[in-house]
$ cat work-v5.csv   # CSV, C-alpha atoms
chain,number,residue,atom,x,y,z
A,1,MET,CA,-21.4,-97.4,-13.2
A,2,SER,CA,-20.3,-94.5,-15.4
A,3,VAL,CA,-22.7,-91.7,-16.2
A,4,SER,CA,-22.7,-90.5,-19.8
A,5,HIS,CA,-22.3,-86.7,-20.4
A,6,ASP,CA,-24.8,-85.3,-22.9
A,7,PRO,CA,-23.9,-81.6,-23.6
A,8,MET,CA,-26.3,-81.4,-26.5
A,9,GLY,CA,-29.2,-82.6,-24.4
A,10,GLU,CA,-28.3,-80.0,-21.7
A,11,THR,CA,-28.2,-77.3,-24.3
A,12,MET,CA,-31.6,-78.2,-25.6
A,13,ARG,CA,-33.0,-78.2,-22.1
A,14,ARG,CA,-31.6,-74.7,-21.6
A,15,LEU,CA,-33.3,-73.4,-24.7
A,16,PRO,CA,-36.7,-71.6,-24.3
A,17,PRO,CA,-39.7,-73.0,-26.2
A,18,LEU,CA,-39.5,-72.4,-30.0
A,19,TYR,CA,-43.1,-71.2,-30.2
A,20,ALA,CA,-42.3,-68.5,-27.6
A,21,LEU,CA,-39.2,-67.4,-29.6
A,22,ARG,CA,-41.4,-67.2,-32.8
A,23,ALA,CA,-44.0,-65.1,-31.1
A,24,PHE,CA,-41.4,-62.7,-29.8
A,25,GLU,CA,-39.7,-62.4,-33.2
A,26,LEU,CA,-42.9,-61.5,-34.9
A,27,ALA,CA,-43.9,-59.1,-32.1
A,28,ALA,CA,-40.5,-57.4,-32.5
A,29,ARG,CA,-40.8,-57.3,-36.3
A,30,PHE,CA,-44.3,-55.8,-36.3
A,31,GLY,CA,-43.8,-53.7,-33.2
A,32,SER,CA,-47.2,-55.1,-32.0
A,33,PHE,CA,-48.5,-58.1,-30.0
A,34,THR,CA,-51.8,-57.8,-31.9
A,35,GLN,CA,-50.2,-58.2,-35.3
A,36,ALA,CA,-48.0,-61.0,-34.1
A,37,ALA,CA,-51.1,-62.7,-32.7
A,38,ASP,CA,-53.0,-62.3,-36.0
A,39,HIS,CA,-50.0,-63.8,-37.9
A,40,LEU,CA,-49.9,-66.8,-35.6
A,41,PHE,CA,-53.7,-67.2,-35.2
A,42,LEU,CA,-53.4,-66.7,-31.5
A,43,THR,CA,-54.8,-64.1,-29.1
A,44,GLN,CA,-52.9,-61.0,-28.1
A,45,SER,CA,-52.8,-62.2,-24.5
A,46,ALA,CA,-51.2,-65.5,-25.7
A,47,VAL,CA,-48.4,-63.7,-27.4
A,48,SER,CA,-47.9,-61.5,-24.3
A,49,ARG,CA,-47.6,-64.7,-22.2
A,50,HIS,CA,-45.0,-66.1,-24.6
A,51,VAL,CA,-43.0,-62.9,-24.3
A,52,LYS,CA,-43.2,-63.0,-20.5
A,53,THR,CA,-42.0,-66.7,-20.6
A,54,LEU,CA,-38.9,-65.5,-22.4
A,55,GLU,CA,-38.3,-62.6,-20.1
A,56,SER,CA,-38.5,-65.0,-17.1
A,57,HIS,CA,-36.2,-67.4,-18.9
A,58,PHE,CA,-33.5,-64.8,-19.7
A,59,GLY,CA,-34.1,-62.7,-16.5
A,60,CYS,CA,-34.4,-59.4,-18.3
A,61,SER,CA,-37.1,-57.3,-20.1
A,62,LEU,CA,-37.3,-57.6,-23.8
A,63,PHE,CA,-39.9,-54.9,-24.4
A,64,GLU,CA,-40.7,-51.5,-22.8
A,65,ARG,CA,-44.5,-51.2,-22.4
A,66,LYS,CA,-46.2,-47.8,-22.5
A,67,GLY,CA,-49.9,-48.5,-22.7
A,68,PRO,CA,-50.5,-50.3,-26.1
A,69,LYS,CA,-47.2,-49.2,-27.4
A,70,ILE,CA,-44.2,-51.5,-27.2
A,71,THR,CA,-40.5,-50.8,-27.9
A,72,LEU,CA,-37.6,-53.2,-27.8
A,73,THR,CA,-35.0,-53.0,-25.0
A,74,GLN,CA,-31.4,-53.3,-25.8
A,75,ALA,CA,-31.5,-57.0,-24.9
A,76,GLY,CA,-34.7,-57.4,-27.0
A,77,GLN,CA,-33.0,-55.8,-30.0
A,78,LEU,CA,-30.1,-58.2,-29.8
A,79,LEU,CA,-32.3,-61.2,-29.5
A,80,ALA,CA,-34.7,-60.1,-32.3
A,81,GLN,CA,-31.7,-59.5,-34.7
A,82,GLU,CA,-30.3,-63.0,-34.1
A,83,LEU,CA,-33.7,-64.7,-34.2
A,84,LYS,CA,-34.5,-63.0,-37.5
A,85,THR,CA,-31.4,-64.6,-39.1
A,86,GLY,CA,-32.1,-67.9,-37.4
A,87,PHE,CA,-35.7,-68.2,-38.6
A,88,ARG,CA,-34.7,-67.2,-42.1
A,89,LEU,CA,-32.3,-70.2,-42.1
A,90,ILE,CA,-35.1,-72.5,-40.8
A,91,GLU,CA,-37.5,-71.2,-43.5
A,92,ARG,CA,-34.9,-71.8,-46.2
A,93,ALA,CA,-34.2,-75.3,-45.0
A,94,CYS,CA,-38.0,-76.1,-45.1
A,95,ILE,CA,-38.3,-74.5,-48.6
A,96,ILE,CA,-35.4,-76.6,-49.9
A,97,THR,CA,-36.9,-79.8,-48.3
A,98,HIS,CA,-40.3,-79.2,-49.9
A,99,ARG,CA,-39.0,-78.1,-53.3
A,100,LYS,CA,-39.6,-80.3,-56.3
A,101,GLU,CA,-37.1,-83.0,-56.7
A,102,HIS,CA,-34.6,-82.6,-59.6
A,103,ALA,CA,-35.4,-78.8,-60.0
A,104,LEU,CA,-32.9,-75.9,-59.8
A,105,ARG,CA,-34.4,-72.4,-59.1
A,106,LEU,CA,-32.5,-69.6,-60.8
A,107,LYS,CA,-32.6,-65.8,-60.5
A,108,ALA,CA,-31.3,-63.7,-63.3
A,109,PRO,CA,-31.5,-60.0,-64.5
A,110,SER,CA,-34.0,-59.3,-67.3
A,111,THR,CA,-31.7,-58.1,-70.1
A,112,LEU,CA,-29.3,-61.0,-69.7
A,113,THR,CA,-32.3,-63.3,-69.7
A,114,MET,CA,-33.7,-61.9,-73.0
A,115,ARG,CA,-30.4,-61.5,-74.8
A,116,TRP,CA,-28.7,-64.8,-73.9
A,117,LEU,CA,-30.0,-66.9,-71.0
A,118,LEU,CA,-33.3,-68.0,-72.4
A,119,ASN,CA,-31.7,-69.8,-75.3
A,120,VAL,CA,-29.2,-71.6,-73.0
A,121,LEU,CA,-32.0,-72.5,-70.6
A,122,ASP,CA,-34.3,-73.9,-73.2
A,123,GLU,CA,-31.4,-76.0,-74.6
A,124,PHE,CA,-30.5,-77.3,-71.2
A,125,ASN,CA,-34.1,-78.2,-70.2
A,126,ALA,CA,-34.7,-79.9,-73.6
A,127,LEU,CA,-31.6,-82.2,-73.0
A,128,ASN,CA,-32.4,-82.8,-69.3
A,129,ALA,CA,-36.0,-83.7,-69.1
A,130,HIS,CA,-35.7,-84.9,-65.5
A,131,GLU,CA,-33.4,-82.1,-64.3
A,132,GLN,CA,-35.1,-78.8,-65.0
A,133,VAL,CA,-34.0,-75.2,-64.3
A,134,GLN,CA,-36.8,-72.9,-63.2
A,135,LEU,CA,-36.1,-69.3,-64.1
A,136,SER,CA,-37.2,-66.2,-62.4
A,137,SER,CA,-36.1,-63.1,-64.3
A,138,GLU,CA,-36.2,-59.9,-62.3
A,139,TRP,CA,-35.4,-56.2,-62.9
A,140,MET,CA,-32.5,-55.3,-60.6
A,141,ASP,CA,-30.9,-51.8,-60.7
A,142,VAL,CA,-28.0,-53.4,-58.9
A,143,ASP,CA,-27.8,-57.1,-59.2
A,144,PHE,CA,-28.3,-58.8,-55.8
A,145,ILE,CA,-29.3,-62.1,-54.2
A,146,ASN,CA,-30.0,-63.0,-50.6
A,147,PHE,CA,-30.2,-66.8,-50.5
A,148,ASP,CA,-31.4,-66.7,-46.9
A,149,ALA,CA,-34.5,-64.6,-47.8
A,150,GLU,CA,-35.1,-65.5,-51.4
A,151,PRO,CA,-36.3,-68.9,-52.7
A,152,PHE,CA,-33.5,-69.6,-55.2
A,153,ASP,CA,-30.7,-72.1,-55.4
A,154,CYS,CA,-28.4,-70.0,-57.7
A,155,ALA,CA,-28.3,-66.7,-59.6
A,156,VAL,CA,-26.6,-65.1,-62.5
A,157,LEU,CA,-25.5,-61.6,-61.5
A,158,LEU,CA,-23.5,-58.7,-63.0
A,159,ALA,CA,-21.0,-57.9,-60.3
A,160,ASP,CA,-17.3,-57.0,-59.6
A,161,GLY,CA,-16.6,-60.5,-58.3
A,162,ARG,CA,-16.1,-59.4,-54.6
A,163,PHE,CA,-18.7,-61.7,-53.0
A,164,THR,CA,-19.2,-62.5,-49.4
A,165,ASP,CA,-17.4,-65.6,-48.0
A,166,ASP,CA,-20.7,-67.6,-47.8
A,167,LEU,CA,-21.1,-67.5,-51.6
A,168,ALA,CA,-19.4,-69.7,-54.3
A,169,SER,CA,-19.1,-68.3,-57.8
A,170,VAL,CA,-17.8,-68.8,-61.3
A,171,LYS,CA,-17.2,-66.0,-63.9
A,172,LEU,CA,-19.1,-66.4,-67.1
A,173,PHE,CA,-18.0,-63.4,-69.2
A,174,ASP,CA,-17.0,-59.8,-68.9
A,175,GLU,CA,-19.1,-56.7,-69.7
A,176,TRP,CA,-17.7,-54.4,-72.4
A,177,LEU,CA,-19.6,-51.2,-73.0
A,178,VAL,CA,-20.0,-50.0,-76.6
A,179,PRO,CA,-22.3,-47.3,-78.1
A,180,VAL,CA,-24.8,-48.8,-80.6
A,181,CYS,CA,-27.4,-47.4,-83.0
A,182,SER,CA,-29.3,-48.4,-86.1
A,183,PRO,CA,-27.5,-48.1,-89.5
A,184,GLU,CA,-30.2,-45.7,-90.6
A,185,PHE,CA,-29.6,-43.5,-87.6
A,186,LEU,CA,-25.8,-43.5,-88.2
A,187,GLU,CA,-26.3,-42.5,-91.8
A,188,GLN,CA,-28.7,-39.7,-90.9
A,189,GLN,CA,-26.4,-38.3,-88.2
A,190,ALA,CA,-23.3,-38.6,-90.4
A,191,SER,CA,-24.8,-36.0,-92.8
A,192,ARG,CA,-25.2,-33.5,-90.0
A,193,GLU,CA,-22.4,-31.0,-89.3
A,194,GLU,CA,-22.7,-31.4,-85.6
A,195,GLY,CA,-21.9,-35.1,-85.7
A,196,ILE,CA,-23.5,-38.1,-84.1
A,197,PHE,CA,-23.5,-36.7,-80.6
A,198,ALA,CA,-25.9,-33.9,-81.7
A,199,ALA,CA,-28.7,-36.4,-81.0
A,200,GLU,CA,-29.8,-37.2,-77.5
A,201,LEU,CA,-28.2,-40.1,-75.8
A,202,ILE,CA,-30.2,-43.1,-74.7
A,203,HIS,CA,-29.4,-44.1,-71.1
A,204,PRO,CA,-30.2,-47.7,-70.1
A,205,SER,CA,-30.0,-46.8,-66.4
A,206,ARG,CA,-31.3,-44.0,-64.3
A,207,ASP,CA,-27.9,-42.9,-63.0
A,208,ARG,CA,-26.5,-42.7,-66.5
A,209,ARG,CA,-23.4,-44.6,-65.3
A,210,ASP,CA,-22.7,-46.6,-68.5
A,211,TRP,CA,-22.3,-43.5,-70.7
A,212,GLN,CA,-20.2,-41.8,-68.0
A,213,ARG,CA,-17.8,-44.7,-67.9
A,214,TRP,CA,-17.4,-44.9,-71.7
A,215,LEU,CA,-17.0,-41.2,-72.2
A,216,GLU,CA,-14.5,-40.8,-69.4
A,217,ARG,CA,-12.3,-43.7,-70.6
A,218,THR,CA,-12.4,-42.5,-74.3
A,219,GLY,CA,-11.7,-38.9,-73.3
A,220,LEU,CA,-14.9,-37.5,-74.7
A,221,MET,CA,-16.6,-36.5,-71.5
A,222,THR,CA,-16.3,-32.7,-72.1
A,223,ASP,CA,-17.5,-33.0,-75.7
A,224,VAL,CA,-20.9,-34.6,-75.0
A,225,ALA,CA,-23.9,-33.5,-73.0
A,226,TRP,CA,-24.1,-36.8,-71.3
A,227,HIS,CA,-26.4,-35.6,-68.5
A,228,LYS,CA,-29.2,-35.1,-71.0
A,229,GLY,CA,-31.1,-37.6,-73.1
A,230,LYS,CA,-33.7,-40.4,-72.7
A,231,VAL,CA,-33.5,-42.4,-69.5
A,232,LEU,CA,-34.7,-46.0,-69.5
A,233,ASP,CA,-34.9,-48.8,-67.0
A,234,THR,CA,-32.8,-51.5,-68.6
A,235,LEU,CA,-30.1,-52.3,-71.1
A,236,GLU,CA,-32.8,-54.3,-73.1
A,237,LEU,CA,-34.9,-51.2,-73.5
A,238,GLY,CA,-31.9,-49.1,-74.6
A,239,ILE,CA,-31.0,-51.7,-77.2
A,240,CYS,CA,-34.6,-51.9,-78.5
A,241,ALA,CA,-34.8,-48.1,-78.7
A,242,ALA,CA,-31.6,-48.0,-80.7
A,243,ILE,CA,-32.8,-50.7,-83.1
A,244,GLN,CA,-35.9,-48.6,-83.7
A,245,GLY,CA,-33.6,-45.7,-84.7
A,246,ARG,CA,-34.5,-43.5,-81.7
A,247,GLY,CA,-30.9,-42.6,-80.8
A,248,LEU,CA,-27.5,-43.7,-79.7
A,249,SER,CA,-27.6,-46.1,-76.7
A,250,MET,CA,-25.0,-47.9,-74.7
A,251,GLY,CA,-24.8,-51.6,-75.1
A,252,ASP,CA,-23.0,-54.7,-73.8
A,253,LEU,CA,-20.8,-56.1,-76.6
A,254,ALA,CA,-21.5,-59.7,-75.5
A,255,LEU,CA,-25.3,-59.1,-75.6
A,256,VAL,CA,-25.6,-57.3,-78.9
A,257,GLY,CA,-23.6,-59.7,-81.0
A,258,GLU,CA,-26.6,-61.2,-82.8
A,259,GLU,CA,-27.9,-57.7,-83.7
A,260,LEU,CA,-24.5,-56.8,-85.1
A,261,VAL,CA,-24.4,-59.9,-87.2
A,262,LYS,CA,-28.0,-59.2,-88.5
A,263,GLY,CA,-27.2,-55.6,-89.2
A,264,SER,CA,-30.0,-54.2,-87.1
A,265,LEU,CA,-27.3,-52.5,-85.0
A,266,VAL,CA,-23.9,-51.0,-85.8
A,267,LEU,CA,-21.0,-49.7,-83.8
A,268,PRO,CA,-20.3,-46.0,-84.6
A,269,PHE,CA,-17.0,-46.1,-82.6
A,270,ASN,CA,-14.3,-48.7,-82.4
A,271,GLN,CA,-13.6,-48.4,-78.6
A,272,ALA,CA,-15.0,-50.9,-76.2
A,273,VAL,CA,-14.7,-50.0,-72.5
A,274,SER,CA,-14.6,-52.4,-69.6
A,275,SER,CA,-17.2,-51.6,-67.0
A,276,GLY,CA,-15.2,-53.4,-64.4
A,277,ASN,CA,-18.1,-55.9,-63.9
A,278,SER,CA,-18.7,-59.4,-65.2
A,279,TYR,CA,-21.5,-61.9,-65.2
A,280,TYR,CA,-21.2,-64.6,-62.5
A,281,LEU,CA,-23.1,-67.7,-61.6
A,282,VAL,CA,-23.3,-67.7,-57.8
A,283,TRP,CA,-24.8,-70.1,-55.3
A,284,PRO,CA,-24.6,-70.7,-51.5
A,285,GLY,CA,-21.2,-72.1,-50.5
A,286,ARG,CA,-22.9,-74.3,-47.8
A,287,SER,CA,-25.3,-76.0,-50.3
A,288,GLY,CA,-23.0,-79.0,-50.7
A,289,GLU,CA,-23.0,-81.2,-53.8
A,290,ASN,CA,-25.7,-80.5,-56.4
A,291,THR,CA,-25.5,-82.5,-59.6
A,292,ILE,CA,-28.1,-80.3,-61.4
A,293,LEU,CA,-26.1,-77.1,-60.5
A,294,GLU,CA,-22.9,-78.7,-61.8
A,295,ARG,CA,-24.5,-79.7,-65.1
A,296,PHE,CA,-26.1,-76.3,-65.5
A,297,LYS,CA,-22.8,-74.5,-64.7
A,298,ALA,CA,-21.0,-76.5,-67.4
A,299,ARG,CA,-23.7,-75.7,-69.9
A,300,LEU,CA,-23.4,-71.9,-69.2
A,301,LEU,CA,-19.7,-72.0,-69.5
A,302,ALA,CA,-19.9,-73.9,-72.8
A,303,SER,CA,-22.6,-71.5,-74.2
A,304,ARG,CA,-20.9,-68.2,-73.4
A,305,PRO,CA,-21.7,-65.6,-76.1
A,306,VAL,CA,-19.1,-64.9,-78.8
A,307,ILE,CA,-17.7,-61.4,-78.5
A,308,HIS,CA,-16.9,-59.9,-81.9
A,309,LYS,CA,-13.5,-58.2,-81.4
A,310,GLN,CA,-12.4,-57.5,-84.9
A,311,GLY,CA,-11.5,-53.9,-85.5
A,312,LEU,CA,-12.2,-52.9,-81.8
A,313,GLU,CA,-9.9,-51.3,-79.3
A,314,PHE,CA,-10.5,-52.6,-75.8
A,315,LEU,CA,-9.9,-50.1,-73.0
A,316,MET,CA,-9.7,-51.3,-69.4
$ encode --input "work-v5.csv" --output "structure tokens"
Amino acid sequence: MSVSHDPMGETMRRLPPLYALRAFELAARFGSFTQAADHLFLTQSAVSRHVKTLESHFGCSLFERKGPKITLTQAGQLLAQELKTGFRLIERACIITHRKEHALRLKAPSTLTMRWLLNVLDEFNALNAHEQVQLSSEWMDVDFINFDAEPFDCAVLLADGRFTDDLASVKLFDEWLVPVCSPEFLEQQASREEGIFAAELIHPSRDRRDWQRWLERTGLMTDVAWHKGKVLDTLELGICAAIQGRGLSMGDLALVGEELVKGSLVLPFNQAVSSGNSYYLVWPGRSGENTILERFKARLLASRPVIHKQGLEFLM
């Protein structure tokens, strides 16, 4: 009689108990058996026993104990690092399983949301009553997504396109930097001998990076006190301040098109400078087929903003 070989069964038997691994991971994260116990609704001694079970299983110490203080050993650090990633994957799998059927959870930066994405989203949801996109708009100084730790299925990010191998992406449109101001502000400054740059600049980011990029590429860096001016949190705030006539702000040509058509904003210069970034829709490469995502991606590509290029010089 032949005996079947079951390597998976052997592997599972060699694994320590999952509840012991969870107790250890929390103790390592908090640096405290007591806090881990509170989180798991256990006693401190129960968590301690779970850790001892693991130490017996692996044949090594996972913590150094000095009175009430515990610190990870080298083996403990390695195990904690791998378990942190593993439990995040488990948590994400559970979130995906429990999410509402026919719903796609989207993360996007705030300015893009207000200037373009809300309209596209409303149109998509109106046409797809049973396949809704749920938006979470967030302020991000640098656009970022971690699908293992955040409860989203996809995101729209401003990035250079160099994503990690575990992400899939499609480019939506490029970012072109252009100075913008109200027509009244431009008329007022044109009458001044010092010119338009006599007024303070409006910076839509704390590091003033957008104005630096534009001034460097147009050769005006030495002519402008770019390190001074009003510093705001987002491109949206900079655009709103410019509309109110409060100064000269940097804008994204794709996101100010409606204001240019209405005349609430004008372009005092005819040079548009590439920031080197573009807006991308990204999603986990391992997520498999997702019909809602495919339909939403097609809608985004079909609804890309019109960039008004007439009379402009585009500088890479």
$ atom_distance --input "work-v5.csv" --atom1 "CA of Leu237 (chain A)" --atom2 "CA of Pro268 (chain A)"
19.1 Å
$ closest_residue --input "work-v5.csv" --among "A:Val180, A:Leu172, A:Ala190, A:Leu315" --to "Asp252 (chain A)" --atoms "all atoms listed in the file"
A:Val180
$ closest_atom_pairs --input "work-v5.csv" --of "region 16-40 of chain A" --to "region 54-64 of chain A" --cutoff "8 Å" --atoms "all atoms listed in the file" --output "tab-separated table"
residue	atom	partner	partner_atom	distance
A:Pro16	CA	A:Leu54	CA	6.8
A:Ala20	CA	A:Leu54	CA	6.9
A:Leu21	CA	A:Leu54	CA	7.5
$ residues_around --input "work-v5.csv" --residues "Ser137 (chain A)" --least-positions-apart "3" --cutoff "10 Å" --atoms "only C-alpha atoms" --output "PyMOL selection string"
chain A and resi 106-114+117-118+134+140+155-156
$ residues_around --input "work-v5.csv" --residues "Gln81 (chain A)" --least-positions-apart "5" --cutoff "9 Å" --atoms "all atoms listed in the file" --output "PDB file with C-alpha atoms, keeping the file's coordinate frame"
ATOM      1  CA  GLU A  25     -39.700 -62.400 -33.200  1.00  0.00           C
ATOM      2  CA  GLY A  76     -34.700 -57.400 -27.000  1.00  0.00           C
ATOM      3  CA  GLY A  86     -32.100 -67.900 -37.400  1.00  0.00           C
TER       4      GLY A  86
END
$ atom_distance --input "work-v5.csv" --atom1 "CA of Gln189 (chain A)" --atom2 "CA of Arg246 (chain A)"
11.6 Å
$ atom_distance --input "work-v5.csv" --atom1 "CA of Ile292 (chain A)" --atom2 "CA of Arg88 (chain A)"
24.2 Å
$ residues_near_point --input "work-v5.csv" --point "(-28.2, -49.4, -83.8)" --cutoff "9 Å" --atoms "all atoms listed in the file" --output "ChimeraX atom specification"
/A:179-186,239-249,259-260,263-268
$ closest_atom_pairs --input "work-v5.csv" --of "region 166-224 of chain A" --to "region 302-309 of chain A" --cutoff "10 Å" --atoms "only C-alpha atoms" --output "Markdown table"
| residue | atom | partner | partner_atom | distance |
| --- | --- | --- | --- | --- |
| A:Leu172 | CA | A:Arg304 | CA | 6.8 |
| A:Phe173 | CA | A:Arg304 | CA | 7.0 |
| A:Asp174 | CA | A:Ile307 | CA | 9.8 |
| A:Trp176 | CA | A:Ile307 | CA | 9.3 |
$ closest_residue --input "work-v5.csv" --among "A:Leu235, A:Val170, A:Phe24, A:Lys230" --to "Ala80 (chain A)" --atoms "all atoms listed in the file"
A:Phe24
$ residues_around --input "work-v5.csv" --residues "Gly229 (chain A)" --least-positions-apart "2" --cutoff "10 Å" --atoms "only C-alpha atoms" --output "PyMOL selection string"
chain A and resi 199-203+208+225-227+231-232+247-249
$ closest_residue --input "work-v5.csv" --among "A:Ala36, A:Leu89, A:Val120, A:Ala129" --to "Lys297 (chain A)" --atoms "all atoms listed in the file"
A:Val120
$ closest_residue --input "work-v5.csv" --among "A:Ser169, A:Asn270, A:Ser48, A:Ser136" --to "Leu121 (chain A)" --atoms "only C-alpha atoms"
A:Ser136
$ closest_residue --input "work-v5.csv" --among "A:Leu104, A:Ala75, A:Asp207, A:Leu26" --to "Glu294 (chain A)" --atoms "only C-alpha atoms"
A:Leu104
$ build_atoms --input "work-v5.csv" --residues "region 144-159 of chain A" --atoms "N, CA and C atoms" --output "tab-separated table (two decimals), keeping the file's coordinate frame"
chain	number	residue	atom	x	y	z
A	144	PHE	N	-28.43	-58.40	-57.24
A	144	PHE	CA	-28.30	-58.80	-55.80
A	144	PHE	C	-29.07	-60.07	-55.58
A	145	ILE	N	-28.55	-60.88	-54.66
A	145	ILE	CA	-29.30	-62.10	-54.20
A	145	ILE	C	-29.02	-62.28	-52.75
A	146	ASN	N	-30.08	-62.67	-52.03
A	146	ASN	CA	-30.00	-63.00	-50.60
A	146	ASN	C	-30.59	-64.43	-50.49
A	147	PHE	N	-29.74	-65.45	-50.48
A	147	PHE	CA	-30.20	-66.80	-50.50
A	147	PHE	C	-30.97	-67.18	-49.19
A	148	ASP	N	-30.73	-66.43	-48.11
A	148	ASP	CA	-31.40	-66.70	-46.90
A	148	ASP	C	-32.88	-66.20	-46.90
A	149	ALA	N	-33.14	-65.20	-47.74
A	149	ALA	CA	-34.50	-64.60	-47.80
A	149	ALA	C	-35.22	-64.87	-49.09
A	150	GLU	N	-34.51	-65.28	-50.14
A	150	GLU	CA	-35.10	-65.50	-51.40
A	150	GLU	C	-35.14	-66.97	-51.81
A	151	PRO	N	-36.18	-67.46	-52.49
A	151	PRO	CA	-36.30	-68.90	-52.70
A	151	PRO	C	-35.59	-69.39	-53.98
A	152	PHE	N	-34.27	-69.17	-54.02
A	152	PHE	CA	-33.50	-69.60	-55.20
A	152	PHE	C	-32.29	-70.43	-54.75
A	153	ASP	N	-31.85	-71.27	-55.69
A	153	ASP	CA	-30.70	-72.10	-55.40
A	153	ASP	C	-29.42	-71.51	-56.03
A	154	CYS	N	-29.58	-70.65	-57.05
A	154	CYS	CA	-28.40	-70.00	-57.70
A	154	CYS	C	-28.91	-68.76	-58.41
A	155	ALA	N	-27.97	-67.96	-58.87
A	155	ALA	CA	-28.30	-66.70	-59.60
A	155	ALA	C	-27.21	-66.36	-60.53
A	156	VAL	N	-27.57	-65.67	-61.60
A	156	VAL	CA	-26.60	-65.10	-62.50
A	156	VAL	C	-26.64	-63.56	-62.23
A	157	LEU	N	-25.51	-62.98	-61.85
A	157	LEU	CA	-25.50	-61.60	-61.50
A	157	LEU	C	-24.35	-60.86	-62.21
A	158	LEU	N	-24.59	-59.57	-62.50
A	158	LEU	CA	-23.50	-58.70	-63.00
A	158	LEU	C	-22.89	-58.05	-61.79
A	159	ALA	N	-21.61	-58.33	-61.57
A	159	ALA	CA	-21.00	-57.90	-60.30
A	159	ALA	C	-19.47	-57.76	-60.56
